[in-house]
Amino acid sequence: MKVLVFAASNSRQSINQQLASYAASLIPNAEVEVLDLNDYEMPIYSIERETDGGIPDEAQRFFAKIGAADAIIVSFAEHNGSYSAAYKNLFDWTSRIDMKVYQNTPMLMMATSPGPGGAKSVLASAVGSAPYFAADVKASLSVPSFFDNFDSEVGELKNAEIKQELEAALKLLH
């Protein structure tokens, strides 16, 4: 099983990347590929840029990675209640290739934040819009208060209840 993993963030110390990578590590015998959104940086989308220069190679590569995956795990960073600018721009460019960005690939959508809200606003937005972009969302999970519930030194959830929820969600990807 080929699992594509990324955080919808361009932070080099992304807690969402830690969470998504940890989740993927729990899938037995998975071939995991972790993407860094910094490798997909492009000019801010506009119809004029698309008309003048076409769709950047980075968006084409991202779309191809999604198409080659058997499952996707993404964890959304919340910036002012919404997507990070880095993710939104990559998503906007990729949607110009095909509105079915996620190509009916089974997905686990997650989010976390340092605070008690667990980035639930952006996760709700992502899950709510998923059908429009051919996302086969099998489960979603918000992890509140990341630093209270995740041990970054060991790289795993220390909250047993949340870990059980995550394990149940991951089983739905098979």
# chains A, B, ... in the order shown; residues from 1 in each chain; ligands from 1
$ residues_around --residues "Ser152 in chain A" --least-positions-apart "4" --cutoff "8 Å" --atoms "only C-alpha atoms" --output "list in words"
Gln18, Phe147 and Glu156 of chain A
$ residues_around --residues "Val5 in chain A" --least-positions-apart "4" --cutoff "7 Å" --atoms "only C-alpha atoms" --output "VMD selection string"
chain A and resid 20 to 21 33 to 35 72 to 74
$ write_last_selection --atoms "C-alpha atoms" --output "compact mmCIF listing (two decimals), in the first residue's frame"
# COMPACT_ATOMS: atom_id res chain seq x y z
CA ALA A 20 0.67 12.90 9.77
CA SER A 21 4.00 11.07 9.66
CA GLU A 33 6.14 8.96 0.98
CA VAL A 34 6.23 12.17 2.99
CA LEU A 35 5.91 15.39 1.00
CA ILE A 72 -3.49 9.88 1.56
CA ILE A 73 -2.94 11.19 5.07
CA VAL A 74 -3.02 14.96 5.36
$ closest_residue --among "A:Glu78, A:Glu41, A:Glu165, A:Asp148" --to "Phe62 in chain A" --atoms "only C-alpha atoms"
A:Glu41
$ residues_around --residues "Tyr40 in chain A" --least-positions-apart "6" --cutoff "12 Å" --atoms "only C-alpha atoms" --output "ChimeraX atom specification"
/A:6,8-10,56-63,65,86-91,93-94
$ residues_around --residues "Ala135 in chain A" --least-positions-apart "4" --cutoff "8 Å" --atoms "only C-alpha atoms" --output "PyMOL selection string"
chain A and resi 100-107+130-131
$ closest_residue --among "A:Ser11, A:Gln164, A:Ser75, A:Gln17" --to "Met110 in chain A" --atoms "only C-alpha atoms"
A:Ser75
$ atom_distance --atom1 "CA of Leu157 in chain A" --atom2 "CA of Ala23 in chain A"
9.3 Å
$ residues_around --residues "range 139-146 of chain A" --least-positions-apart "4" --cutoff "8 Å" --atoms "only C-alpha atoms" --output "NGL selection string"
:A and (15 or 107-120 or 123 or 127 or 150 or 162 or 165-166 or 169-170 or 172)
$ select_by_dssp --residues "range 79-124 of chain A" --states "strand (DSSP E or B)" --output "ChimeraX atom specification"
/A:79,82,106-112
$ select_by_dssp --residues "range 4-173 of chain A" --states "helix (DSSP H, G or I)" --output "MDAnalysis selection string"
chainID A and resid 15:25 37:40 47:53 57:68 85:95 120:133 146:149 160:171
$ atom_distance --atom1 "CA of Tyr45 in chain A" --atom2 "CA of Asp92 in chain A"
6.7 Å
$ closest_residue --among "A:Pro28, A:Gly128, A:Pro43, A:Gly155" --to "Ala85 in chain A" --atoms "only C-alpha atoms"
A:Pro43
$ closest_residue --among "A:Ile27, A:Ala134, A:Ala7, A:Val122" --to "Met99 in chain A" --atoms "only C-alpha atoms"
A:Ala134
$ atom_distance --atom1 "CA of Leu4 in chain A" --atom2 "CA of Ile66 in chain A"
7.1 Å
$ closest_residue --among "A:Asp151, A:Asp98, A:Glu50, A:Asp36" --to "Leu19 in chain A" --atoms "only C-alpha atoms"
A:Asp151
